[in-house]
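Colleague: So I've got this file, data05.cif, and it contains mmCIF, C-alpha atoms:
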```cif
data_work
loop_
_atom_site.label_atom_id
_atom_site.label_comp_id
_atom_site.auth_asym_id
_atom_site.auth_seq_id
_atom_site.Cartn_x
_atom_site.Cartn_y
_atom_site.Cartn_z
CA MET Z 1 39.29 -28.01 -166.99
CA ARG Z 2 39.48 -24.28 -166.37
CA LEU Z 3 37.28 -22.69 -163.72
CA GLU Z 4 35.40 -20.55 -166.25
CA ARG Z 5 34.20 -23.70 -168.03
CA ARG Z 6 33.06 -25.43 -164.85
CA ALA Z 7 29.45 -24.42 -165.38
CA ALA Z 8 26.58 -25.90 -163.41
CA LEU Z 9 25.53 -29.18 -165.06
CA ALA Z 10 22.16 -30.90 -165.09
CA ALA Z 11 22.30 -34.61 -164.26
CA ALA Z 12 22.13 -36.98 -167.21
CA ALA Z 13 18.83 -38.75 -167.89
CA THR Z 14 20.30 -42.04 -166.70
CA THR Z 15 21.26 -40.67 -163.26
CA THR Z 16 19.48 -39.30 -160.24
CA THR Z 17 20.29 -35.80 -159.00
CA LEU Z 18 21.04 -35.55 -155.28
CA LEU Z 19 18.27 -33.64 -153.54
CA LEU Z 20 19.24 -30.37 -151.88
CA THR Z 21 17.61 -31.06 -148.55
CA SER Z 22 18.38 -29.86 -145.05
CA LEU Z 23 21.97 -29.65 -143.89
CA ALA Z 24 23.28 -32.53 -141.81
CA ALA Z 25 26.13 -32.57 -139.35
CA VAL Z 26 29.43 -33.91 -140.60
CA PRO Z 27 29.33 -37.71 -140.14
CA ALA Z 28 31.29 -39.44 -137.41
CA HIS Z 29 33.60 -41.11 -139.95
CA ALA Z 30 34.76 -37.73 -141.31
CA ARG Z 31 37.68 -37.00 -139.01
CA PRO Z 32 40.28 -34.30 -139.58
CA SER Z 33 43.66 -35.89 -140.26
CA PRO Z 34 46.96 -34.16 -139.43
CA GLY Z 35 47.67 -31.35 -141.83
CA GLY Z 36 44.15 -29.93 -141.93
CA VAL Z 37 42.49 -32.50 -144.24
CA THR Z 38 39.01 -33.89 -143.56
CA THR Z 39 38.04 -36.99 -145.54
CA VAL Z 40 34.42 -37.95 -146.19
CA PRO Z 41 33.60 -41.28 -147.92
CA LEU Z 42 31.13 -41.20 -150.83
CA GLU Z 43 28.38 -43.76 -150.74
CA SER Z 44 25.79 -44.90 -153.25
CA PRO Z 45 22.26 -43.63 -152.44
CA ALA Z 46 20.34 -46.42 -150.72
CA GLN Z 47 17.35 -46.04 -153.03
CA ARG Z 48 19.38 -46.71 -156.18
CA GLY Z 49 19.06 -50.18 -157.64
CA ALA Z 50 22.20 -49.82 -159.79
CA ASP Z 51 25.51 -48.29 -158.79
CA THR Z 52 25.42 -45.41 -161.28
CA GLU Z 53 25.85 -42.56 -158.83
CA ARG Z 54 27.77 -41.68 -155.71
CA GLY Z 55 27.48 -38.54 -153.68
CA LEU Z 56 26.99 -36.49 -150.55
CA ASP Z 57 23.86 -34.55 -149.75
CA PRO Z 58 24.60 -30.95 -148.81
CA ARG Z 59 26.05 -30.90 -145.33
CA THR Z 60 27.90 -28.74 -142.87
CA THR Z 61 31.61 -29.44 -142.40
CA ARG Z 62 34.62 -28.00 -140.72
CA THR Z 63 36.04 -25.01 -142.59
CA PHE Z 64 38.06 -25.80 -145.72
CA ALA Z 65 39.26 -23.90 -148.79
CA LEU Z 66 40.26 -26.57 -151.34
CA VAL Z 67 38.40 -29.71 -152.36
CA GLY Z 68 39.17 -32.80 -154.44
CA LEU Z 69 38.09 -36.44 -154.77
CA SER Z 70 40.39 -39.41 -154.29
CA TRP Z 71 40.20 -43.21 -154.48
CA ASP Z 72 42.30 -46.20 -153.45
CA ASP Z 73 44.05 -47.30 -156.66
CA PRO Z 74 46.04 -44.59 -158.52
CA SER Z 75 45.81 -46.65 -161.73
CA ALA Z 76 42.01 -46.97 -161.56
CA VAL Z 77 39.97 -44.87 -164.01
CA LEU Z 78 37.20 -42.49 -162.99
CA ASP Z 79 35.68 -41.39 -166.30
CA GLY Z 80 32.19 -40.29 -165.30
CA GLY Z 81 31.08 -36.83 -164.25
CA VAL Z 82 32.29 -35.30 -160.98
CA GLN Z 83 30.68 -32.15 -159.62
CA VAL Z 84 31.01 -30.34 -156.30
CA ARG Z 85 29.10 -27.48 -154.75
CA THR Z 86 30.30 -25.55 -151.71
CA ARG Z 87 28.86 -23.08 -149.23
CA SER Z 88 30.80 -19.90 -148.47
CA ALA Z 89 31.86 -19.55 -144.84
CA LEU Z 90 31.80 -15.77 -145.36
CA THR Z 91 28.33 -15.30 -146.85
CA GLY Z 92 26.51 -18.56 -146.09
CA ALA Z 93 25.47 -18.81 -149.76
CA TRP Z 94 25.77 -22.00 -151.81
CA GLY Z 95 27.69 -21.62 -155.05
CA PRO Z 96 27.08 -23.33 -158.40
CA TRP Z 97 28.08 -26.88 -159.30
CA TYR Z 98 31.65 -27.11 -160.60
CA ASP Z 99 33.31 -29.93 -162.53
CA LEU Z 100 36.35 -31.74 -161.19
CA GLU Z 101 38.57 -33.50 -163.70
CA ALA Z 102 40.23 -36.86 -162.96
CA GLU Z 103 43.99 -36.33 -162.94
CA GLN Z 104 46.14 -39.06 -164.48
CA ASP Z 105 49.16 -37.02 -165.49
CA ASP Z 106 50.44 -34.76 -162.69
CA ARG Z 107 51.88 -37.54 -160.57
CA PRO Z 108 54.92 -39.73 -159.86
CA ASP Z 109 56.19 -41.98 -162.64
CA GLU Z 110 55.44 -45.12 -160.66
CA PRO Z 111 51.85 -45.63 -159.42
CA THR Z 112 51.83 -44.65 -155.76
CA GLY Z 113 49.45 -43.22 -153.23
CA ARG Z 114 45.85 -42.63 -154.31
CA GLY Z 115 44.10 -41.71 -157.52
CA ALA Z 116 42.52 -38.27 -157.56
CA THR Z 117 40.86 -35.43 -159.37
CA ALA Z 118 42.55 -32.09 -159.79
CA PRO Z 119 41.92 -29.98 -156.68
CA LEU Z 120 39.60 -26.97 -156.74
CA TRP Z 121 40.32 -23.83 -154.71
CA VAL Z 122 36.98 -22.55 -153.38
CA GLY Z 123 38.04 -20.14 -150.63
CA PRO Z 124 36.77 -20.35 -147.04
CA SER Z 125 33.84 -22.80 -147.09
CA ASP Z 126 31.83 -24.72 -144.50
CA GLY Z 127 29.45 -26.82 -146.58
CA ILE Z 128 29.87 -29.40 -149.34
CA ALA Z 129 27.70 -31.36 -151.78
CA VAL Z 130 29.15 -33.90 -154.21
CA ARG Z 131 27.77 -35.99 -157.05
CA VAL Z 132 29.67 -38.53 -159.14
CA THR Z 133 28.07 -40.36 -162.07
CA ALA Z 134 29.40 -43.54 -163.63
CA GLY Z 135 31.18 -43.62 -166.97
CA SER Z 136 32.36 -46.65 -168.93
CA HIS Z 137 34.33 -48.00 -165.94
CA PRO Z 138 33.03 -49.09 -162.53
CA PHE Z 139 33.53 -46.69 -159.65
CA PRO Z 140 36.98 -47.04 -158.10
CA SER Z 141 36.95 -48.34 -154.54
CA GLY Z 142 37.47 -45.97 -151.67
CA LEU Z 143 35.93 -42.86 -153.25
CA ARG Z 144 36.06 -39.96 -150.81
CA ALA Z 145 35.97 -36.18 -150.71
CA GLU Z 146 39.14 -34.43 -149.51
CA LEU Z 147 38.47 -31.12 -147.75
CA VAL Z 148 41.67 -29.16 -147.16
CA ASP Z 149 42.06 -26.33 -144.67
CA PRO Z 150 45.31 -24.41 -145.34
CA GLY Z 151 45.30 -22.88 -141.87
CA ALA Z 152 46.24 -19.35 -140.97
CA ASP Z 153 49.45 -17.83 -142.27
CA PRO Z 154 52.26 -18.26 -139.73
CA ALA Z 155 53.30 -15.03 -138.06
CA GLY Z 156 56.17 -13.19 -139.69
CA LEU Z 157 56.45 -15.07 -142.98
CA PRO Z 158 59.90 -14.18 -144.37
CA ASP Z 159 60.38 -12.22 -147.57
CA PRO Z 160 61.72 -13.94 -150.69
CA ARG Z 161 65.45 -14.44 -150.87
CA PRO Z 162 66.63 -11.44 -152.91
CA ALA Z 163 67.33 -11.78 -156.59
CA GLU Z 164 70.93 -11.65 -157.74
CA PRO Z 165 71.79 -8.52 -159.74
CA ALA Z 166 73.69 -10.23 -162.56
CA PRO Z 167 74.42 -13.60 -164.18
CA ARG Z 168 77.12 -15.64 -162.45
CA ALA Z 169 78.64 -17.17 -165.56
CA ALA Z 170 78.22 -17.33 -169.32
CA GLY Z 171 74.81 -18.80 -170.12
CA ALA Z 172 73.60 -18.47 -166.53
CA ALA Z 173 70.64 -16.22 -165.77
CA PRO Z 174 70.34 -14.11 -162.62
CA ARG Z 175 68.79 -15.91 -159.71
CA PRO Z 176 65.30 -14.48 -159.23
CA GLY Z 177 63.74 -13.84 -155.85
CA ILE Z 178 62.19 -17.08 -154.59
CA VAL Z 179 59.84 -17.49 -151.63
CA THR Z 180 61.21 -20.44 -149.69
CA ARG Z 181 59.08 -23.19 -148.21
CA ALA Z 182 59.35 -21.44 -144.85
CA GLY Z 183 58.15 -18.33 -146.66
CA TRP Z 184 54.83 -19.91 -147.65
CA GLY Z 185 54.44 -21.76 -144.37
CA ALA Z 186 55.17 -25.37 -145.33
CA ASP Z 187 54.71 -27.84 -142.47
CA GLU Z 188 57.89 -29.87 -142.94
CA SER Z 189 56.69 -32.58 -140.55
CA ILE Z 190 54.14 -33.99 -143.02
CA ARG Z 191 56.48 -34.75 -145.95
CA GLU Z 192 58.99 -37.57 -146.24
CA SER Z 193 62.29 -36.57 -144.70
CA GLY Z 194 64.60 -37.73 -147.50
CA PHE Z 195 65.12 -36.27 -150.96
CA VAL Z 196 65.37 -37.85 -154.41
CA TYR Z 197 67.73 -36.30 -156.95
CA THR Z 198 68.24 -36.95 -160.65
CA GLY Z 199 70.87 -35.87 -163.17
CA ASP Z 200 71.09 -32.32 -164.51
CA VAL Z 201 67.82 -30.56 -165.26
CA ARG Z 202 67.63 -30.54 -169.06
CA ALA Z 203 64.03 -29.42 -169.51
CA VAL Z 204 61.42 -27.35 -167.70
CA PHE Z 205 57.76 -28.38 -168.04
CA VAL Z 206 55.27 -25.54 -167.66
CA HIS Z 207 51.92 -26.30 -166.00
CA HIS Z 208 48.88 -24.50 -164.71
CA THR Z 209 47.27 -25.59 -161.45
CA ASP Z 210 43.79 -25.40 -163.02
CA THR Z 211 42.52 -23.46 -160.00
CA ALA Z 212 40.79 -20.07 -159.74
CA ASN Z 213 42.27 -16.96 -161.36
CA ASP Z 214 40.55 -14.37 -159.16
CA TYR Z 215 42.58 -15.06 -156.02
CA SER Z 216 44.37 -12.32 -154.13
CA CYS Z 217 48.14 -12.70 -154.44
CA SER Z 218 48.31 -12.47 -150.65
CA ASP Z 219 46.36 -15.76 -150.62
CA ALA Z 220 48.91 -17.56 -152.81
CA PRO Z 221 50.70 -19.10 -149.78
CA LYS Z 222 47.36 -20.54 -148.61
CA ILE Z 223 46.68 -22.03 -152.04
CA ILE Z 224 50.15 -23.58 -152.14
CA ARG Z 225 49.79 -24.98 -148.61
CA SER Z 226 46.47 -26.51 -149.67
CA ILE Z 227 47.96 -28.13 -152.79
CA TYR Z 228 50.86 -29.39 -150.64
CA GLN Z 229 48.50 -30.99 -148.13
CA TYR Z 230 46.38 -32.47 -150.92
CA HIS Z 231 49.43 -34.06 -152.58
CA VAL Z 232 50.88 -35.37 -149.32
CA LYS Z 233 48.02 -36.08 -146.91
CA SER Z 234 45.29 -36.96 -149.41
CA LEU Z 235 47.26 -38.65 -152.20
CA GLY Z 236 50.17 -40.09 -150.22
CA TRP Z 237 52.98 -38.43 -152.20
CA ARG Z 238 56.31 -37.72 -150.57
CA ASP Z 239 55.95 -33.93 -151.04
CA ILE Z 240 54.23 -31.36 -153.25
CA GLY Z 241 54.61 -32.40 -156.88
CA TYR Z 242 55.84 -29.16 -158.49
CA ASN Z 243 59.40 -27.89 -158.18
CA PHE Z 244 58.30 -24.26 -158.39
CA LEU Z 245 55.05 -22.30 -158.48
CA VAL Z 246 54.42 -18.77 -159.77
CA ASP Z 247 51.41 -16.66 -158.79
CA ARG Z 248 49.62 -14.15 -161.01
CA CYS Z 249 51.67 -11.29 -159.53
CA GLY Z 250 54.87 -13.00 -160.70
CA THR Z 251 56.08 -14.15 -157.28
CA ILE Z 252 58.06 -17.38 -157.47
CA TYR Z 253 57.72 -20.04 -154.77
CA GLU Z 254 59.89 -23.03 -153.93
CA GLY Z 255 57.95 -26.25 -154.38
CA ARG Z 256 59.34 -29.70 -153.63
CA ALA Z 257 62.00 -29.63 -150.91
CA GLY Z 258 65.63 -30.53 -151.41
CA GLY Z 259 67.23 -27.29 -152.56
CA VAL Z 260 66.10 -24.89 -155.26
CA ALA Z 261 69.46 -25.17 -157.07
CA GLU Z 262 69.48 -28.99 -156.89
CA PRO Z 263 67.97 -31.41 -159.45
CA VAL Z 264 65.15 -32.54 -157.15
CA GLN Z 265 62.85 -35.14 -158.71
CA GLY Z 266 59.28 -33.90 -158.66
CA ALA Z 267 55.90 -35.47 -159.48
CA HIS Z 268 54.53 -33.19 -162.18
CA THR Z 269 54.86 -34.80 -165.63
CA LEU Z 270 54.09 -38.51 -165.75
CA GLY Z 271 56.95 -40.35 -167.44
CA PHE Z 272 59.32 -37.39 -167.49
CA ASN Z 273 59.99 -36.43 -163.88
CA THR Z 274 63.69 -37.31 -164.27
CA ASN Z 275 66.16 -34.65 -165.50
CA SER Z 276 63.38 -32.07 -165.52
CA ALA Z 277 61.73 -29.43 -163.36
CA GLY Z 278 58.03 -28.61 -163.15
CA VAL Z 279 56.94 -24.96 -162.92
CA ALA Z 280 53.24 -24.42 -162.20
CA ALA Z 281 51.39 -21.16 -162.85
CA LEU Z 282 48.72 -20.68 -160.19
CA GLY Z 283 45.50 -20.33 -162.16
CA SER Z 284 43.65 -21.72 -165.17
CA TYR Z 285 44.67 -20.59 -168.66
CA VAL Z 286 42.51 -22.46 -171.15
CA SER Z 287 40.82 -19.33 -172.52
CA VAL Z 288 42.16 -16.59 -170.23
CA GLY Z 289 45.65 -15.25 -170.79
CA ALA Z 290 48.18 -15.37 -167.98
CA PRO Z 291 49.19 -11.94 -166.60
CA GLU Z 292 52.46 -10.58 -167.95
CA ALA Z 293 53.93 -10.61 -164.44
CA GLN Z 294 53.29 -14.35 -164.27
CA ILE Z 295 54.80 -14.92 -167.72
CA ASP Z 296 57.84 -13.00 -166.53
CA GLY Z 297 58.11 -15.08 -163.35
CA VAL Z 298 57.92 -18.37 -165.26
CA SER Z 299 60.57 -17.09 -167.68
CA GLN Z 300 62.89 -16.04 -164.86
CA ILE Z 301 62.79 -19.32 -162.95
CA ALA Z 302 63.11 -21.40 -166.14
CA ALA Z 303 66.06 -19.33 -167.35
CA TRP Z 304 67.85 -19.61 -164.01
CA LYS Z 305 67.17 -23.33 -163.49
CA LEU Z 306 68.33 -24.31 -166.98
CA GLY Z 307 71.26 -21.91 -166.84
CA LEU Z 308 72.69 -23.55 -163.72
CA THR Z 309 74.17 -26.19 -166.01
CA GLY Z 310 74.47 -24.09 -169.15
CA LYS Z 311 71.28 -25.29 -170.88
CA ASP Z 312 70.02 -22.95 -173.60
CA ALA Z 313 66.43 -21.86 -172.93
CA ARG Z 314 65.82 -21.94 -176.70
CA GLY Z 315 67.45 -25.35 -177.11
CA THR Z 316 66.16 -28.91 -176.95
CA ALA Z 317 66.59 -31.83 -174.59
CA THR Z 318 66.20 -35.59 -175.00
CA LEU Z 319 64.48 -37.40 -172.15
CA VAL Z 320 63.52 -41.07 -171.77
CA SER Z 321 59.94 -41.98 -170.86
CA ALA Z 322 59.63 -43.78 -167.55
CA SER Z 323 55.95 -44.72 -167.88
CA ASP Z 324 53.64 -46.27 -170.46
CA GLY Z 325 50.99 -43.94 -169.06
CA SER Z 326 52.66 -40.94 -170.66
CA LYS Z 327 52.29 -39.85 -174.27
CA TYR Z 328 55.22 -42.13 -175.12
CA LYS Z 329 55.85 -45.78 -174.34
CA LYS Z 330 58.23 -46.47 -171.48
CA GLY Z 331 61.84 -46.47 -172.67
CA THR Z 332 61.19 -44.17 -175.63
CA SER Z 333 63.68 -41.34 -176.15
CA VAL Z 334 61.84 -38.09 -176.85
CA LYS Z 335 63.21 -34.70 -177.93
CA PHE Z 336 61.53 -31.77 -176.19
CA ASN Z 337 62.04 -28.05 -176.25
CA ALA Z 338 64.09 -27.07 -173.21
CA ILE Z 339 60.98 -25.18 -172.07
CA SER Z 340 57.95 -27.32 -172.90
CA GLY Z 341 54.31 -27.51 -171.92
CA HIS Z 342 52.87 -30.39 -169.95
CA ARG Z 343 50.79 -31.37 -172.99
CA ASP Z 344 53.99 -32.09 -174.93
CA ALA Z 345 54.52 -35.12 -172.69
CA PHE Z 346 50.95 -36.20 -171.93
CA ASN Z 347 47.53 -36.02 -173.63
CA THR Z 348 46.24 -33.12 -171.56
CA GLU Z 349 45.20 -29.52 -172.15
CA CYS Z 350 47.64 -28.37 -169.44
CA PRO Z 351 49.00 -25.67 -169.23
CA GLY Z 352 45.93 -24.35 -171.03
CA GLU Z 353 45.69 -23.09 -174.59
CA GLU Z 354 46.46 -19.48 -173.70
CA LEU Z 355 49.54 -20.22 -171.60
CA TYR Z 356 50.80 -22.83 -174.06
CA ALA Z 357 50.62 -20.20 -176.80
CA ARG Z 358 53.01 -18.03 -174.78
CA LEU Z 359 55.78 -20.63 -174.47
CA GLY Z 360 57.66 -19.10 -177.40
CA ASP Z 361 57.69 -15.75 -175.58
CA ILE Z 362 58.84 -17.48 -172.40
CA ARG Z 363 61.71 -19.17 -174.25
CA ASP Z 364 62.78 -15.92 -175.87
CA TRP Z 365 62.74 -13.92 -172.63
CA ALA Z 366 64.51 -16.74 -170.76
CA ALA Z 367 67.22 -16.84 -173.41
CA ILE Z 368 67.71 -13.08 -173.12
CA LEU Z 369 68.04 -13.45 -169.35
CA GLN Z 370 70.75 -16.04 -170.03
CA GLY Z 371 72.57 -13.51 -172.18
CA ARG Z 372 72.01 -15.47 -175.40
#
```
Could I get this structure in the form of structure tokens?
Modeller:
Amino acid sequence: MRLERRAALAAAATTTTLLLTSLAAVPAHARPSPGGVTTVPLESPAQRGADTERGLDPRTTRTFALVGLSWDDPSAVLDGGVQVRTRSALTGAWGPWYDLEAEQDDRPDEPTGRGATAPLWVGPSDGIAVRVTAGSHPFPSGLRAELVDPGADPAGLPDPRPAEPAPRAAGAAPRPGIVTRAGWGADESIRESGFVYTGDVRAVFVHHTDTANDYSCSDAPKIIRSIYQYHVKSLGWRDIGYNFLVDRCGTIYEGRAGGVAEPVQGAHTLGFNTNSAGVAALGSYVSVGAPEAQIDGVSQIAAWKLGLTGKDARGTATLVSASDGSKYKKGTSVKFNAISGHRDAFNTECPGEELYARLGDIRDWAAILQGR
């Protein structure tokens, strides 16, 4: 759900709102784990007779900038309401309640790690309040808040590898400038050391990260480091899920490790992570249009990636579903546009209505870059 729609919500009549009482010190069980993630278990209020609500009273924590909720079983369903409220470390003011949406689609094809909500970028914060209300399913076990501190930018972050001035072969687009993992400060010690490759990339799935749009582009490396830590340290994935990310200024970033020109298997489109690449636009584009620079960046990386093996950006590709959890039963052959939206493979609003409406423009510009 886009940030602009995450309005403050009143608790339903069947639930109890957590009282905004005095701040408490972070509990002893909330210990920072390697990678800058603090985990805080959510418990049912002692005064409740029925388990219809979980939460945290407002409390002081170590500094963080991204928050999400996770639980033990990645296949378990959390279909109630999830809201968080944070306190700015810069101003000391508490912000409004924001919704977090349970994420069942941006993940590996096989259930692994932990279930989770989409993460929310909140900027430097030092206080957190959480409330979760029950839906039609029981609460998953092991509910906890994940507070991610991206850390300071490493000194002397390198510039992007320069773009190539011209296509290398017929149907191949110029290689755009790409900020490497070292360029955004990835801690390579936290991911799995090996790489998983698939066959040729036949399709590119476009996503949005469903995070804030008002970030400074100089903060994009921090946002990416936070998403990386959330995927790896909080959810137990082998690496960040996306193959590439593009900020609102059009800068392209390397995502999952293994070589930007290689067919690295990501964890971005449930059921269709094989023979594909996931490109995520940093931001939320349900009702706000993506900046032209970002559209251009997505077009450039899609054109180049598909063109490495001569795939036409305006063409189609047939992929086989690897999960019944996708929009198509496992084993089903599905024809996609070579540049598709996440919603084409899963029942989700991603990459947002406004960005999805621009996919035709992205295909056209990518095809032009390929010389078609």
Colleague: For Thr198 of chain Z, work out the shell of residues within 8 Å, counting only C-alpha atoms and skipping chain neighbours fewer than 4 positions away, then give it as a list in words.
Modeller: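 Once the adjacent positions are removed, what remains is Pro263, Val264, Gln265, Thr274 and Asn275 of chain Z.
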Colleague: Limited to C-alpha atoms, could you put the picked residues into a file as a PDB file, in the coordinates of the input?
Modeller:
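selection.pdb, freshly written:
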```pdb
ATOM      1  CA  PRO Z 263      67.970 -31.410-159.450  1.00  0.00           C
ATOM      2  CA  VAL Z 264      65.150 -32.540-157.150  1.00  0.00           C
ATOM      3  CA  GLN Z 265      62.850 -35.140-158.710  1.00  0.00           C
ATOM      4  CA  THR Z 274      63.690 -37.310-164.270  1.00  0.00           C
ATOM      5  CA  ASN Z 275      66.160 -34.650-165.500  1.00  0.00           C
TER       6      ASN Z 275
END
```
Colleague: I would like the residues chosen by the PyMOL selection byres ((chain Z and resi 119) around 10) on the shown file; could you give them as a ChimeraX atom specification?
Modeller: /Z:66-70,100-103,116-118,120-122,146-148,209-211,226-227,230-231
Colleague: Could you give me, as a Markdown table, a per-residue list for segment 290-338 of chain Z showing, wherever an atom lies at most 12 Å from an atom of segment 214-220 of chain Z, the closest pair of atoms and their distance in Å to one decimal, using all atoms listed in the file and sorting by chain then residue number from low to high?
Modeller:
```
| residue | atom | partner | partner_atom | distance |
| --- | --- | --- | --- | --- |
| Z:Ala290 | CA | Z:Asp214 | CA | 11.7 |
| Z:Pro291 | CA | Z:Asp214 | CA | 11.7 |
| Z:Ala293 | CA | Z:Cys217 | CA | 11.7 |
| Z:Gln294 | CA | Z:Cys217 | CA | 11.2 |
```
Colleague: For the structure provided, state which residues fall under the PyMOL selection byres ((chain Z and resi 281-289) around 7), and present them as a PyMOL selection string.
Modeller: chain Z and resi 2-3+207-213+245-248+279-280+290-291+351-355
Colleague: Could you expand the PyMOL selection byres ((chain Z and resi 196) around 12) into the explicit residues it covers here, written as a list in words?
Modeller: Pro108, Glu192, Ser193, Gly194, Phe195, Tyr197, Thr198, Gly199, Arg238, Asp239, Arg256, Ala257, Gly258, Gly259, Glu262, Pro263, Val264, Gln265, Gly266, Ala267, Asn273, Thr274 and Asn275 of chain Z
Colleague: Atoms to include: C-alpha atoms. Write the selected residues as a PDB file, in the coordinates of the input.
Modeller:
```
ATOM      1  CA  PRO Z 108      54.920 -39.730-159.860  1.00  0.00           C
ATOM      2  CA  GLU Z 192      58.990 -37.570-146.240  1.00  0.00           C
ATOM      3  CA  SER Z 193      62.290 -36.570-144.700  1.00  0.00           C
ATOM      4  CA  GLY Z 194      64.600 -37.730-147.500  1.00  0.00           C
ATOM      5  CA  PHE Z 195      65.120 -36.270-150.960  1.00  0.00           C
ATOM      6  CA  TYR Z 197      67.730 -36.300-156.950  1.00  0.00           C
ATOM      7  CA  THR Z 198      68.240 -36.950-160.650  1.00  0.00           C
ATOM      8  CA  GLY Z 199      70.870 -35.870-163.170  1.00  0.00           C
ATOM      9  CA  ARG Z 238      56.310 -37.720-150.570  1.00  0.00           C
ATOM     10  CA  ASP Z 239      55.950 -33.930-151.040  1.00  0.00           C
ATOM     11  CA  ARG Z 256      59.340 -29.700-153.630  1.00  0.00           C
ATOM     12  CA  ALA Z 257      62.000 -29.630-150.910  1.00  0.00           C
ATOM     13  CA  GLY Z 258      65.630 -30.530-151.410  1.00  0.00           C
ATOM     14  CA  GLY Z 259      67.230 -27.290-152.560  1.00  0.00           C
ATOM     15  CA  GLU Z 262      69.480 -28.990-156.890  1.00  0.00           C
ATOM     16  CA  PRO Z 263      67.970 -31.410-159.450  1.00  0.00           C
ATOM     17  CA  VAL Z 264      65.150 -32.540-157.150  1.00  0.00           C
ATOM     18  CA  GLN Z 265      62.850 -35.140-158.710  1.00  0.00           C
ATOM     19  CA  GLY Z 266      59.280 -33.900-158.660  1.00  0.00           C
ATOM     20  CA  ALA Z 267      55.900 -35.470-159.480  1.00  0.00           C
ATOM     21  CA  ASN Z 273      59.990 -36.430-163.880  1.00  0.00           C
ATOM     22  CA  THR Z 274      63.690 -37.310-164.270  1.00  0.00           C
ATOM     23  CA  ASN Z 275      66.160 -34.650-165.500  1.00  0.00           C
TER      24      ASN Z 275
END
```
Colleague: Calculate, to one decimal in Å, the centre and edge lengths of the box along x, y and z of the file that holds all listed atoms of segment 124-135 of chain Z with 3 Å of margin on each side, and present them as lines of an AutoDock Vina configuration file.
Modeller:
```
center_x = 32.2
center_y = -32.0
center_z = -155.7
size_x = 15.1
size_y = 29.3
size_z = 28.5
```
Colleague: For a quick check of understanding, using only C-alpha atoms, which of Z:Gly80, Z:Pro58, Z:Pro154, Z:Pro41 has the smallest distance to Val132 of chain Z?
Modeller: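 Going through Z:Gly80, Z:Pro58, Z:Pro154, Z:Pro41 one by one, the smallest distance to Val132 of chain Z is for Z:Gly80.
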Colleague: Atom CA of Ile252 of chain Z to atom CA of Ile224 of chain Z: how many Å, to one decimal?
Modeller: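 So the answer is 11.4 Å.
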Colleague: Would you compute the distance between atom CA of Ser141 of chain Z and atom CA of Gly95 of chain Z? Give it in Å to one decimal.
Modeller: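 Those two atoms sit 28.3 Å apart.
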Colleague: Using only C-alpha atoms, pick whichever of Z:Thr348, Z:Ser326, Z:Thr251, Z:Gln370 has the shortest atom-to-atom distance to Leu308 of chain Z.
Modeller: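 Smallest separation from Leu308 of chain Z among the options: Z:Gln370.
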Colleague: Do a neighbour search on Arg363 of chain Z at 8 Å with all atoms listed in the file, toss out local chain neighbours closer than 5 positions, and write the hits as a list in words.
Modeller: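 Counting only the stated atoms, we get Ser299, Ala313, Arg314 and Ile339 of chain Z.
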Colleague: Find the distance between atom CA of Gly297 of chain Z and atom CA of Gly250 of chain Z and write it in Å to one decimal.
Modeller: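 Separating atom CA of Gly297 of chain Z from atom CA of Gly250 of chain Z is a distance of 4.7 Å.
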Colleague: Taking only C-alpha atoms into account, which of Z:Leu42, Z:Gly151, Z:Thr269, Z:Pro176 comes nearest Gln229 of chain Z?
Modeller: Z:Gly151
Colleague: Please provide as a tab-separated table (two decimals) with C-alpha atoms, keeping the file's coordinate frame all residues within 9 Å of Arg372 of chain Z, with the sequence filter that same-chain residues fewer than 4 positions apart are discarded (counting only C-alpha atoms).
Modeller:
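Full text of around-v7.tsv as output:
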```
chain	number	residue	atom	x	y	z
Z	170	ALA	CA	78.22	-17.33	-169.32
Z	171	GLY	CA	74.81	-18.80	-170.12
Z	312	ASP	CA	70.02	-22.95	-173.60
Z	313	ALA	CA	66.43	-21.86	-172.93
Z	366	ALA	CA	64.51	-16.74	-170.76
Z	367	ALA	CA	67.22	-16.84	-173.41
Z	368	ILE	CA	67.71	-13.08	-173.12
```
Colleague: Counting all atoms listed in the file, which of Z:Leu306, Z:Ala169, Z:Ile128, Z:Ala317 gets nearest to Thr63 of chain Z?
Modeller: Z:Ile128
Colleague: Could you check the closest approach to Ala203 of chain Z for each of Z:Ala261, Z:Ala145, Z:Val130, Z:Ala338 and tell me which residue wins, using only C-alpha atoms?
Modeller: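 Comparing Z:Ala261, Z:Ala145, Z:Val130, Z:Ala338 against Ala203 of chain Z, the winner is Z:Ala338.
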Colleague: Got a sec: who's within 9 Å of Ala322 of chain Z, counting all atoms listed in the file, leaving out chain neighbours fewer than 3 positions off, as a list in words?
Modeller: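 Near neighbours after the sequence-gap exclusion: Asp109, Glu110, Leu270, Gly271, Phe272, Asn273, Thr274, Gly325, Ser326, Tyr328, Lys329, Lys330, Gly331 and Thr332 of chain Z.
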Colleague: With distances taken over all atoms listed in the file, which residue among Z:Thr86, Z:Ser125, Z:Thr39, Z:Gln300 lies nearest Gly177 of chain Z?
Modeller: Z:Gln300
